[in-house]
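Below is one structure, written out as structure tokens; comments come after it.
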Amino acid sequence: METGLNVAPPVIVTNAEFRFIVAEQLGQIGVEASAILIEPEARNTAPAILAAAAHLQTSDPEALILVMPTDHEIPDISAFRAAVAAGVPRAMAGKIITFGIQPDRPETGYGWLELSTAPDGGLDTVPLLQFVEKPDAARAAQMLADGRYLWNSGIYLVQLGTLMAAFQAHAADLVEPVFEAVRTARHDLGFLRLAAKPWSAARSVSIDFAVMELADNLEVVPLDAAWSDLGDWNAVWRGSAGPEGKTVAHGSVTEIDCSGSLLRSESDGVHLVGIGLTNLVVVAMPDAVLVADRSRSQEVKDAVARMKADAVRQAEVFPRDHRPWGWFETLALDGRFQVKRIVVRPGASLSLQSHLHRAEHWIVVSGTAQVTVGEEVKLLSENQSTYVPLGTIHRLANPGRVPVVMIEVQTGAYLGEDDIVRYEDVYARATETG
């Protein structure tokens with residue numbers, strides 16, 4: 001970024017369920033994070049941002065930080081870099097800089113920013129008058145016509161000291177528990193796990209509610225470039241639908257006479273067929289199917305909350321579980337058996353382990369696996385199999401250069417992931433499964 005500043009590796013804050021996905025995706029784009037902080041539980045954006053700031057304070061207390069959600073699409077990187085560079089001088093002068101997106105429609109799914117004056121088309125900062133919560137359609141149309149309102153991107157540029165002062169002034173109750181969670185965090189496989197007990201004492205609140213809407217030193221850099229908050233399926237549809245609002249199909253899909261819809265299959269084994277659909281979102285996962293009116297796609301979070309209240313397994317468990325050695329997914333599950341597909345990366349291995357309540361059958365589909373069953377260690381290649389009796393110590397490893405794909409059939413009275421006794425583990429895990 002051409003700002004005349006040294007750009008340090010990012011600090012990432014994420015949930016434990018996504019940590020290996022985050023690390024893998026960073027590697028794919030050639031970015032090495034200075035730290036990946038793992039939240040013990042989701043506490044919204046204010047504690048997450050404060051945790052990253054607390055971590056940075058120990059190494060660079062004078063840092064200028066750019067706070068960015070990871071679910072945004074910004075196609076014009078050059079325009080975004082220019083906007084960030086334009087905000088640097090004012091941020092260095094003690095202002096909190098946010099970036100307002102020039103609206104092209106009366107959007108009701110975004111928050112808005114009211115500026116003191118209408119942007120002049122340049123990148124000069126403009127004082128912020130107030131945040132406007134997600135409006136109804138009539139209010140959104142008024143703001144679009146006014147010209148002084150921009151969409152709230154939720155991206156902030158601020159000096160570390162300025163941010164800390166804002167938290168002390170407006171959300172002081174978060175500082176002690178979050179700092180304690182960072183101070184007593186433990187290292188785990190290249191991640192930094194925030195301490196659970198102090199973290200749970202921090203209230204769950206967004207950065208806008210906790211700090212930004214109360215601060216009086218915010219300025220806005222207008223960004224007149226394509227931008228999308230991919231926070232719901234309607235936004236995903238809009239990013240690919242084009243100006244004509246066509247139907248967007250992804251994955252194994254057959255579409256007949258559909259209009260303005262998103263049809264998406266997330267599983268090779270599920271073929272989605274849409275006939276005569278209008279303005280719908282249909283997403284087929286291996287374990288669940290979503291059908292919703294596009295205009296109500298933000299209500300998915302309400303559906304998830306209801307599913308959790310009803311103890312629906314799909315609300316809490318991902319179909320594909322990523323681990324440091326690869327991933328697995330459940331293909332079939334019944335009372336006394338479970339069938340999994342397991343993929344082990346080259347050079348990786350699972351822990352040396354045993355189970356109290358289940359036996360396992362392993363069938364290698366592709367690659368060459370090194371398997372340990374009791375005292376026996378042997379290689380299994382495609383179409384070969386082995387049996388692991390209940391209670392027997394065992395291990396699966398991949399000594400080759402291509403991924404090992406294996407089908408595992410579990411049988412027993414209890415098939416939970418917590419049924420594991422671990423004896424050796426190259427990843428030094430003490431309590432996690434897999």
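Note on naming: chains are A, B, ... as they come in the structure tokens, residues start from 1 per chain, ligands start from 1 in the order shown.
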Excluding Arg395 of chain A and any residue of its chain fewer than 2 positions from it, enumerate the residues within 7 Å of it, using only C-alpha atoms, and give them as a list in words. Leu350, Ser351, Leu352, Gln353, Val371, Thr372, Val373 and Ala397 of chain A
Could you save those same residues with N, CA and C atoms as a CSV table (one decimal), in the first residue's frame?
chain,number,residue,atom,x,y,z
A,350,LEU,N,-2.7,-38.2,12.0
A,350,LEU,CA,-3.6,-38.1,13.2
A,350,LEU,C,-2.9,-38.5,14.4
A,351,SER,N,-3.5,-38.3,15.6
A,351,SER,CA,-2.8,-38.6,16.8
A,351,SER,C,-2.9,-40.2,17.0
A,352,LEU,N,-1.9,-40.6,17.8
A,352,LEU,CA,-2.0,-42.0,18.3
A,352,LEU,C,-3.1,-42.1,19.4
A,353,GLN,N,-4.1,-42.9,19.1
A,353,GLN,CA,-5.3,-42.8,20.0
A,353,GLN,C,-6.0,-44.1,20.1
A,371,VAL,N,-0.7,-47.0,8.4
A,371,VAL,CA,-1.7,-47.2,9.5
A,371,VAL,C,-1.0,-48.0,10.6
A,372,THR,N,-1.3,-47.6,11.8
A,372,THR,CA,-0.8,-48.3,13.0
A,372,THR,C,-2.0,-48.9,13.7
A,373,VAL,N,-2.0,-50.2,13.9
A,373,VAL,CA,-3.1,-50.8,14.7
A,373,VAL,C,-2.5,-51.8,15.7
A,397,ALA,N,-1.6,-42.1,9.1
A,397,ALA,CA,-0.7,-41.0,8.6
A,397,ALA,C,-0.5,-41.1,7.1
Find the nearest atom pair between each residue of segment 198-306 of chain A and segment 109-113 of chain A for residues within 12 Å, count only C-alpha atoms, give distances in Å to one decimal, sort rows by chain and ascending number, and present the table as a tab-separated table.
residue	atom	partner	partner_atom	distance
A:Asp208	CA	A:Gly111	CA	10.2
A:Phe209	CA	A:Gly111	CA	12.0
A:Met212	CA	A:Leu113	CA	11.5
A:Glu213	CA	A:Leu113	CA	10.5
A:Leu218	CA	A:Leu113	CA	10.8
A:Glu219	CA	A:Leu113	CA	10.3
A:Val220	CA	A:Leu113	CA	8.5
A:Val221	CA	A:Leu113	CA	11.0
A:Pro222	CA	A:Leu113	CA	10.4
A:Trp227	CA	A:Tyr110	CA	11.8
A:Ser228	CA	A:Tyr110	CA	9.8
A:Asp229	CA	A:Tyr110	CA	8.3
A:Leu230	CA	A:Gly109	CA	10.9
A:Gly231	CA	A:Gly109	CA	9.3
A:Asp232	CA	A:Gly109	CA	9.1
A:Trp233	CA	A:Gly109	CA	11.5
A:Asn234	CA	A:Gly109	CA	9.6
A:Ala235	CA	A:Gly109	CA	9.2
A:Arg294	CA	A:Gly109	CA	11.6
A:Ser295	CA	A:Gly109	CA	9.3
A:Arg296	CA	A:Gly109	CA	9.7
A:Ser297	CA	A:Gly109	CA	9.8
A:Gln298	CA	A:Gly109	CA	7.7
A:Glu299	CA	A:Gly109	CA	10.8
Residue contacts of Gly260 of chain A (7 Å, only C-alpha atoms) excluding same-chain residues fewer than 5 positions away, as a PyMOL selection string: chain A and resi 245-247+278-279
Only N, CA, C and O atoms, please: the residues just picked out, written as a compact mmCIF listing (two decimals), in the first residue's frame.
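Saved the output as result_6.txt:
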# COMPACT_ATOMS: atom_id res chain seq x y z
N GLY A 245 -29.91 -8.49 -13.17
CA GLY A 245 -30.49 -9.28 -12.09
C GLY A 245 -30.84 -10.69 -12.48
O GLY A 245 -31.89 -11.22 -12.12
N LYS A 246 -29.97 -11.34 -13.21
CA LYS A 246 -30.22 -12.69 -13.70
C LYS A 246 -30.17 -13.71 -12.56
O LYS A 246 -29.73 -13.41 -11.44
N THR A 247 -30.62 -14.91 -12.85
CA THR A 247 -30.48 -16.02 -11.90
C THR A 247 -29.03 -16.49 -11.88
O THR A 247 -28.38 -16.59 -12.93
N THR A 278 -38.77 -17.37 -8.66
CA THR A 278 -38.59 -15.92 -8.81
C THR A 278 -38.13 -15.31 -7.50
O THR A 278 -38.77 -15.48 -6.46
N ASN A 279 -36.96 -14.64 -7.55
CA ASN A 279 -36.43 -13.90 -6.41
C ASN A 279 -36.29 -14.76 -5.15
O ASN A 279 -36.63 -14.34 -4.04
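Residue nearest Ala332 of chain A, chosen from A:Thr411, A:Pro106, A:Ala305, A:Asp146 and counting only C-alpha atoms: A:Thr411.
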List every residue of segment 118-308 of chain A that DSSP, applied to the backbone of this structure, assigns to alpha helix (DSSP H), and report them as a ChimeraX atom specification. /A:137-146,160-170,172-183,196-200,207,233-241,300-308
Find the residues around segment 172-176 of chain A up to 12 Å (only C-alpha atoms counted), leave out those fewer than 3 positions away in its own chain, and share them as a PDB file with N, CA, C and O atoms, in the first residue's frame.
ATOM      1  N   ARG A  43     -18.245 -12.912  20.694  1.00  0.00           N
ATOM      2  CA  ARG A  43     -18.667 -11.797  21.545  1.00  0.00           C
ATOM      3  C   ARG A  43     -18.885 -10.528  20.722  1.00  0.00           C
ATOM      4  O   ARG A  43     -18.863  -9.430  21.254  1.00  0.00           O
ATOM      5  N   ASN A  44     -19.064 -10.653  19.428  1.00  0.00           N
ATOM      6  CA  ASN A  44     -19.311  -9.538  18.523  1.00  0.00           C
ATOM      7  C   ASN A  44     -18.001  -8.775  18.273  1.00  0.00           C
ATOM      8  O   ASN A  44     -16.932  -9.174  18.717  1.00  0.00           O
ATOM      9  N   THR A  45     -18.112  -7.666  17.515  1.00  0.00           N
ATOM     10  CA  THR A  45     -16.901  -7.047  16.955  1.00  0.00           C
ATOM     11  C   THR A  45     -16.104  -6.203  17.944  1.00  0.00           C
ATOM     12  O   THR A  45     -14.894  -6.066  17.797  1.00  0.00           O
ATOM     13  N   ALA A  46     -16.756  -5.604  18.944  1.00  0.00           N
ATOM     14  CA  ALA A  46     -15.998  -4.738  19.854  1.00  0.00           C
ATOM     15  C   ALA A  46     -14.945  -5.519  20.644  1.00  0.00           C
ATOM     16  O   ALA A  46     -13.760  -5.136  20.651  1.00  0.00           O
ATOM     17  N   PRO A  47     -15.283  -6.613  21.343  1.00  0.00           N
ATOM     18  CA  PRO A  47     -14.242  -7.378  22.019  1.00  0.00           C
ATOM     19  C   PRO A  47     -13.194  -7.948  21.062  1.00  0.00           C
ATOM     20  O   PRO A  47     -12.004  -8.002  21.399  1.00  0.00           O
ATOM     21  N   ALA A  48     -13.616  -8.367  19.861  1.00  0.00           N
ATOM     22  CA  ALA A  48     -12.653  -8.930  18.909  1.00  0.00           C
ATOM     23  C   ALA A  48     -11.627  -7.887  18.489  1.00  0.00           C
ATOM     24  O   ALA A  48     -10.414  -8.153  18.449  1.00  0.00           O
ATOM     25  N   ILE A  49     -12.090  -6.681  18.171  1.00  0.00           N
ATOM     26  CA  ILE A  49     -11.170  -5.609  17.763  1.00  0.00           C
ATOM     27  C   ILE A  49     -10.277  -5.202  18.928  1.00  0.00           C
ATOM     28  O   ILE A  49      -9.065  -4.972  18.757  1.00  0.00           O
ATOM     29  N   LEU A  50     -10.842  -5.121  20.119  1.00  0.00           N
ATOM     30  CA  LEU A  50     -10.037  -4.761  21.289  1.00  0.00           C
ATOM     31  C   LEU A  50      -8.980  -5.820  21.576  1.00  0.00           C
ATOM     32  O   LEU A  50      -7.850  -5.492  21.973  1.00  0.00           O
ATOM     33  N   ALA A  51      -9.300  -7.093  21.372  1.00  0.00           N
ATOM     34  CA  ALA A  51      -8.312  -8.154  21.586  1.00  0.00           C
ATOM     35  C   ALA A  51      -7.141  -8.013  20.628  1.00  0.00           C
ATOM     36  O   ALA A  51      -5.977  -8.161  21.022  1.00  0.00           O
ATOM     37  N   ALA A  53      -6.159  -5.261  19.222  1.00  0.00           N
ATOM     38  CA  ALA A  53      -5.422  -4.063  19.631  1.00  0.00           C
ATOM     39  C   ALA A  53      -4.558  -4.341  20.853  1.00  0.00           C
ATOM     40  O   ALA A  53      -3.408  -3.886  20.942  1.00  0.00           O
ATOM     41  N   ALA A  54      -5.107  -5.099  21.815  1.00  0.00           N
ATOM     42  CA  ALA A  54      -4.327  -5.430  23.008  1.00  0.00           C
ATOM     43  C   ALA A  54      -3.107  -6.266  22.653  1.00  0.00           C
ATOM     44  O   ALA A  54      -2.022  -6.087  23.228  1.00  0.00           O
ATOM     45  N   LEU A 163      -7.558   4.501  19.494  1.00  0.00           N
ATOM     46  CA  LEU A 163      -8.575   3.465  19.681  1.00  0.00           C
ATOM     47  C   LEU A 163      -8.678   3.081  21.151  1.00  0.00           C
ATOM     48  O   LEU A 163      -9.789   2.925  21.688  1.00  0.00           O
ATOM     49  N   MET A 164      -7.539   2.923  21.815  1.00  0.00           N
ATOM     50  CA  MET A 164      -7.571   2.560  23.227  1.00  0.00           C
ATOM     51  C   MET A 164      -8.246   3.648  24.056  1.00  0.00           C
ATOM     52  O   MET A 164      -9.028   3.364  24.977  1.00  0.00           O
ATOM     53  N   ALA A 165      -7.976   4.902  23.734  1.00  0.00           N
ATOM     54  CA  ALA A 165      -8.613   6.006  24.456  1.00  0.00           C
ATOM     55  C   ALA A 165     -10.122   5.995  24.246  1.00  0.00           C
ATOM     56  O   ALA A 165     -10.903   6.273  25.172  1.00  0.00           O
ATOM     57  N   ALA A 166     -10.560   5.649  23.037  1.00  0.00           N
ATOM     58  CA  ALA A 166     -11.990   5.585  22.751  1.00  0.00           C
ATOM     59  C   ALA A 166     -12.658   4.468  23.547  1.00  0.00           C
ATOM     60  O   ALA A 166     -13.767   4.637  24.071  1.00  0.00           O
ATOM     61  N   PHE A 167     -11.995   3.318  23.656  1.00  0.00           N
ATOM     62  CA  PHE A 167     -12.548   2.239  24.472  1.00  0.00           C
ATOM     63  C   PHE A 167     -12.605   2.641  25.945  1.00  0.00           C
ATOM     64  O   PHE A 167     -13.606   2.371  26.624  1.00  0.00           O
ATOM     65  N   GLN A 168     -11.569   3.281  26.432  1.00  0.00           N
ATOM     66  CA  GLN A 168     -11.569   3.705  27.827  1.00  0.00           C
ATOM     67  C   GLN A 168     -12.685   4.700  28.100  1.00  0.00           C
ATOM     68  O   GLN A 168     -13.317   4.679  29.166  1.00  0.00           O
ATOM     69  N   ALA A 169     -12.971   5.565  27.128  1.00  0.00           N
ATOM     70  CA  ALA A 169     -13.990   6.597  27.322  1.00  0.00           C
ATOM     71  C   ALA A 169     -15.408   6.062  27.193  1.00  0.00           C
ATOM     72  O   ALA A 169     -16.317   6.514  27.906  1.00  0.00           O
ATOM     73  N   PHE A 179      -8.330  -7.594  27.985  1.00  0.00           N
ATOM     74  CA  PHE A 179      -6.878  -7.567  28.196  1.00  0.00           C
ATOM     75  C   PHE A 179      -6.428  -8.796  28.983  1.00  0.00           C
ATOM     76  O   PHE A 179      -5.363  -9.355  28.712  1.00  0.00           O
ATOM     77  N   GLU A 180      -7.230  -9.224  29.964  1.00  0.00           N
ATOM     78  CA  GLU A 180      -6.864 -10.410  30.731  1.00  0.00           C
ATOM     79  C   GLU A 180      -6.924 -11.658  29.850  1.00  0.00           C
ATOM     80  O   GLU A 180      -6.087 -12.563  29.975  1.00  0.00           O
ATOM     81  N   ALA A 181      -7.910 -11.714  28.947  1.00  0.00           N
ATOM     82  CA  ALA A 181      -8.004 -12.852  28.034  1.00  0.00           C
ATOM     83  C   ALA A 181      -6.801 -12.925  27.110  1.00  0.00           C
ATOM     84  O   ALA A 181      -6.327 -14.020  26.771  1.00  0.00           O
ATOM     85  N   VAL A 182      -6.288 -11.768  26.709  1.00  0.00           N
ATOM     86  CA  VAL A 182      -5.089 -11.729  25.860  1.00  0.00           C
ATOM     87  C   VAL A 182      -3.845 -12.047  26.678  1.00  0.00           C
ATOM     88  O   VAL A 182      -2.976 -12.817  26.247  1.00  0.00           O
ATOM     89  N   ARG A 183      -3.756 -11.480  27.860  1.00  0.00           N
ATOM     90  CA  ARG A 183      -2.569 -11.675  28.701  1.00  0.00           C
ATOM     91  C   ARG A 183      -2.386 -13.130  29.074  1.00  0.00           C
ATOM     92  O   ARG A 183      -1.263 -13.644  29.138  1.00  0.00           O
ATOM     93  N   PRO A 198     -11.984 -15.001  31.413  1.00  0.00           N
ATOM     94  CA  PRO A 198     -12.137 -13.541  31.303  1.00  0.00           C
ATOM     95  C   PRO A 198     -12.880 -13.127  30.046  1.00  0.00           C
ATOM     96  O   PRO A 198     -13.639 -12.146  30.061  1.00  0.00           O
ATOM     97  N   TRP A 199     -12.691 -13.894  28.967  1.00  0.00           N
ATOM     98  CA  TRP A 199     -13.378 -13.541  27.715  1.00  0.00           C
ATOM     99  C   TRP A 199     -14.894 -13.614  27.888  1.00  0.00           C
ATOM    100  O   TRP A 199     -15.632 -12.769  27.372  1.00  0.00           O
ATOM    101  N   SER A 200     -15.368 -14.596  28.611  1.00  0.00           N
ATOM    102  CA  SER A 200     -16.812 -14.749  28.810  1.00  0.00           C
ATOM    103  C   SER A 200     -17.404 -13.600  29.622  1.00  0.00           C
ATOM    104  O   SER A 200     -18.617 -13.363  29.575  1.00  0.00           O
ATOM    105  N   ALA A 201     -16.559 -12.876  30.362  1.00  0.00           N
ATOM    106  CA  ALA A 201     -17.043 -11.748  31.162  1.00  0.00           C
ATOM    107  C   ALA A 201     -17.235 -10.486  30.324  1.00  0.00           C
ATOM    108  O   ALA A 201     -17.843  -9.520  30.805  1.00  0.00           O
ATOM    109  N   ALA A 202     -16.719 -10.472  29.117  1.00  0.00           N
ATOM    110  CA  ALA A 202     -16.891  -9.309  28.237  1.00  0.00           C
ATOM    111  C   ALA A 202     -18.266  -9.370  27.590  1.00  0.00           C
ATOM    112  O   ALA A 202     -18.668 -10.409  27.062  1.00  0.00           O
ATOM    113  N   ARG A 203     -19.007  -8.264  27.639  1.00  0.00           N
ATOM    114  CA  ARG A 203     -20.332  -8.273  27.025  1.00  0.00           C
ATOM    115  C   ARG A 203     -20.212  -8.362  25.505  1.00  0.00           C
ATOM    116  O   ARG A 203     -19.233  -7.901  24.910  1.00  0.00           O
ATOM    117  N   SER A 204     -21.211  -8.947  24.900  1.00  0.00           N
ATOM    118  CA  SER A 204     -21.251  -9.086  23.450  1.00  0.00           C
ATOM    119  C   SER A 204     -21.856  -7.821  22.855  1.00  0.00           C
ATOM    120  O   SER A 204     -23.028  -7.516  23.091  1.00  0.00           O
ATOM    121  N   VAL A 205     -21.056  -7.078  22.075  1.00  0.00           N
ATOM    122  CA  VAL A 205     -21.517  -5.787  21.549  1.00  0.00           C
ATOM    123  C   VAL A 205     -20.693  -5.441  20.314  1.00  0.00           C
ATOM    124  O   VAL A 205     -19.516  -5.784  20.214  1.00  0.00           O
ATOM    125  N   SER A 206     -21.307  -4.759  19.366  1.00  0.00           N
ATOM    126  CA  SER A 206     -20.602  -4.360  18.158  1.00  0.00           C
ATOM    127  C   SER A 206     -19.728  -3.133  18.423  1.00  0.00           C
ATOM    128  O   SER A 206     -19.972  -2.359  19.362  1.00  0.00           O
ATOM    129  N   ILE A 207     -18.727  -2.949  17.591  1.00  0.00           N
ATOM    130  CA  ILE A 207     -17.825  -1.801  17.733  1.00  0.00           C
ATOM    131  C   ILE A 207     -18.579  -0.489  17.514  1.00  0.00           C
ATOM    132  O   ILE A 207     -18.289   0.518  18.163  1.00  0.00           O
ATOM    133  N   ALA A 210     -20.698   0.100  20.786  1.00  0.00           N
ATOM    134  CA  ALA A 210     -19.870   0.261  21.980  1.00  0.00           C
ATOM    135  C   ALA A 210     -19.045   1.539  21.952  1.00  0.00           C
ATOM    136  O   ALA A 210     -18.880   2.216  22.973  1.00  0.00           O
ATOM    137  N   VAL A 211     -18.524   1.898  20.774  1.00  0.00           N
ATOM    138  CA  VAL A 211     -17.544   2.976  20.710  1.00  0.00           C
ATOM    139  C   VAL A 211     -17.883   4.032  19.658  1.00  0.00           C
ATOM    140  O   VAL A 211     -18.022   5.219  19.972  1.00  0.00           O
TER     141      VAL A 211
END
From the list A:Ile101, A:Val248, A:Thr184, A:Ala33, the nearest residue to Leu144 of chain A using only C-alpha atoms is A:Ile101
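Within 6 Å of Pro135 of chain A, once only C-alpha atoms are used and residues closer than 4 positions along the same chain are dropped, the contacting residues are A:Thr108, A:Arg139, A:Ala140.
The protein and nucleic acid residues lying at most 8 Å from segment 333-341 of chain A are Phe328, Glu329, Thr330, Leu331, Val343, Val405, Met406, Ile407, Glu408, Val409, Gln410, Thr411, Gly412, Ala413, Tyr414 and Leu415 of chain A, with only C-alpha atoms considered and sequence neighbours fewer than 2 positions away removed.
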Mind writing the picked residues with N, CA, C and O atoms as an mmCIF file, in the first residue's frame?
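The file below, out09.cif, is the result:
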data_model
loop_
_atom_site.group_PDB
_atom_site.id
_atom_site.type_symbol
_atom_site.label_atom_id
_atom_site.label_comp_id
_atom_site.auth_asym_id
_atom_site.auth_seq_id
_atom_site.Cartn_x
_atom_site.Cartn_y
_atom_site.Cartn_z
ATOM 1 N N PHE A 328 -12.486 -33.932 7.729
ATOM 2 C CA PHE A 328 -13.383 -35.079 7.573
ATOM 3 C C PHE A 328 -14.814 -34.570 7.488
ATOM 4 O O PHE A 328 -15.134 -33.450 7.895
ATOM 5 N N GLU A 329 -15.689 -35.406 6.937
ATOM 6 C CA GLU A 329 -17.112 -35.101 6.892
ATOM 7 C C GLU A 329 -17.905 -36.384 7.085
ATOM 8 O O GLU A 329 -17.455 -37.474 6.719
ATOM 9 N N THR A 330 -19.073 -36.244 7.679
ATOM 10 C CA THR A 330 -19.944 -37.383 7.908
ATOM 11 C C THR A 330 -20.811 -37.617 6.680
ATOM 12 O O THR A 330 -21.510 -36.712 6.218
ATOM 13 N N LEU A 331 -20.771 -38.839 6.153
ATOM 14 C CA LEU A 331 -21.580 -39.209 4.989
ATOM 15 C C LEU A 331 -22.886 -39.865 5.395
ATOM 16 O O LEU A 331 -23.901 -39.749 4.686
ATOM 17 N N VAL A 343 -9.779 -36.942 4.770
ATOM 18 C CA VAL A 343 -8.720 -36.536 3.852
ATOM 19 C C VAL A 343 -7.526 -36.072 4.685
ATOM 20 O O VAL A 343 -7.653 -35.161 5.515
ATOM 21 N N VAL A 405 -7.249 -40.207 0.791
ATOM 22 C CA VAL A 405 -8.696 -40.155 0.975
ATOM 23 C C VAL A 405 -9.143 -41.524 1.467
ATOM 24 O O VAL A 405 -8.832 -42.542 0.843
ATOM 25 N N MET A 406 -9.863 -41.529 2.581
ATOM 26 C CA MET A 406 -10.218 -42.778 3.220
ATOM 27 C C MET A 406 -11.673 -42.743 3.665
ATOM 28 O O MET A 406 -12.191 -41.685 4.051
ATOM 29 N N ILE A 407 -12.344 -43.866 3.576
ATOM 30 C CA ILE A 407 -13.676 -44.028 4.147
ATOM 31 C C ILE A 407 -13.537 -44.746 5.485
ATOM 32 O O ILE A 407 -12.901 -45.805 5.566
ATOM 33 N N GLU A 408 -14.125 -44.173 6.510
ATOM 34 C CA GLU A 408 -14.097 -44.770 7.840
ATOM 35 C C GLU A 408 -15.522 -45.144 8.243
ATOM 36 O O GLU A 408 -16.430 -44.305 8.195
ATOM 37 N N VAL A 409 -15.704 -46.392 8.648
ATOM 38 C CA VAL A 409 -17.001 -46.856 9.140
ATOM 39 C C VAL A 409 -16.863 -47.123 10.629
ATOM 40 O O VAL A 409 -16.094 -47.999 11.049
ATOM 41 N N GLN A 410 -17.576 -46.361 11.424
ATOM 42 C CA GLN A 410 -17.551 -46.523 12.870
ATOM 43 C C GLN A 410 -18.780 -47.309 13.310
ATOM 44 O O GLN A 410 -19.888 -47.082 12.833
ATOM 45 N N THR A 411 -18.593 -48.224 14.253
ATOM 46 C CA THR A 411 -19.708 -48.963 14.841
ATOM 47 C C THR A 411 -19.528 -49.002 16.346
ATOM 48 O O THR A 411 -18.406 -49.161 16.851
ATOM 49 N N GLY A 412 -20.619 -48.819 17.078
ATOM 50 C CA GLY A 412 -20.518 -48.864 18.530
ATOM 51 C C GLY A 412 -21.704 -48.196 19.193
ATOM 52 O O GLY A 412 -22.592 -47.637 18.544
ATOM 53 N N ALA A 413 -21.681 -48.227 20.526
ATOM 54 C CA ALA A 413 -22.798 -47.695 21.303
ATOM 55 C C ALA A 413 -22.771 -46.178 21.370
ATOM 56 O O ALA A 413 -23.816 -45.542 21.565
ATOM 57 N N TYR A 414 -21.590 -45.563 21.199
ATOM 58 C CA TYR A 414 -21.463 -44.101 21.270
ATOM 59 C C TYR A 414 -20.465 -43.661 20.223
ATOM 60 O O TYR A 414 -19.351 -44.192 20.140
ATOM 61 N N LEU A 415 -20.842 -42.658 19.397
ATOM 62 C CA LEU A 415 -20.015 -42.259 18.258
ATOM 63 C C LEU A 415 -19.590 -40.800 18.336
ATOM 64 O O LEU A 415 -19.174 -40.211 17.343
#
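The nearest approach to Pro40 of chain A among the residues A:Lys197, A:Pro177, A:Ile96, A:Pro127, with only C-alpha atoms taken into account, belongs to A:Lys197.
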Excluding same-chain residues fewer than 3 positions from segment 283-292 of chain A, what lies within 8 Å of it counting only C-alpha atoms, as a list of chain:residue names? A:Leu262, A:Leu263, A:Arg264, A:Ser265, A:Glu266, A:Ser267, A:Gly269, A:Val270, A:Leu272, A:Leu280, A:Arg296, A:Ser297, A:Gln314, A:Pro319
Using DSSP assignments from the backbone, pull out every residue in segment 174-372 of chain A that falls under strand (DSSP E or B) and give it to me as a PyMOL selection string. chain A and resi 186-188+191-193+218-223+228-229+248-250+253-256+259+262-265+272-275+278+280-284+289-293+320-323+326-333+337-344+349+352-354+358-366+369-372
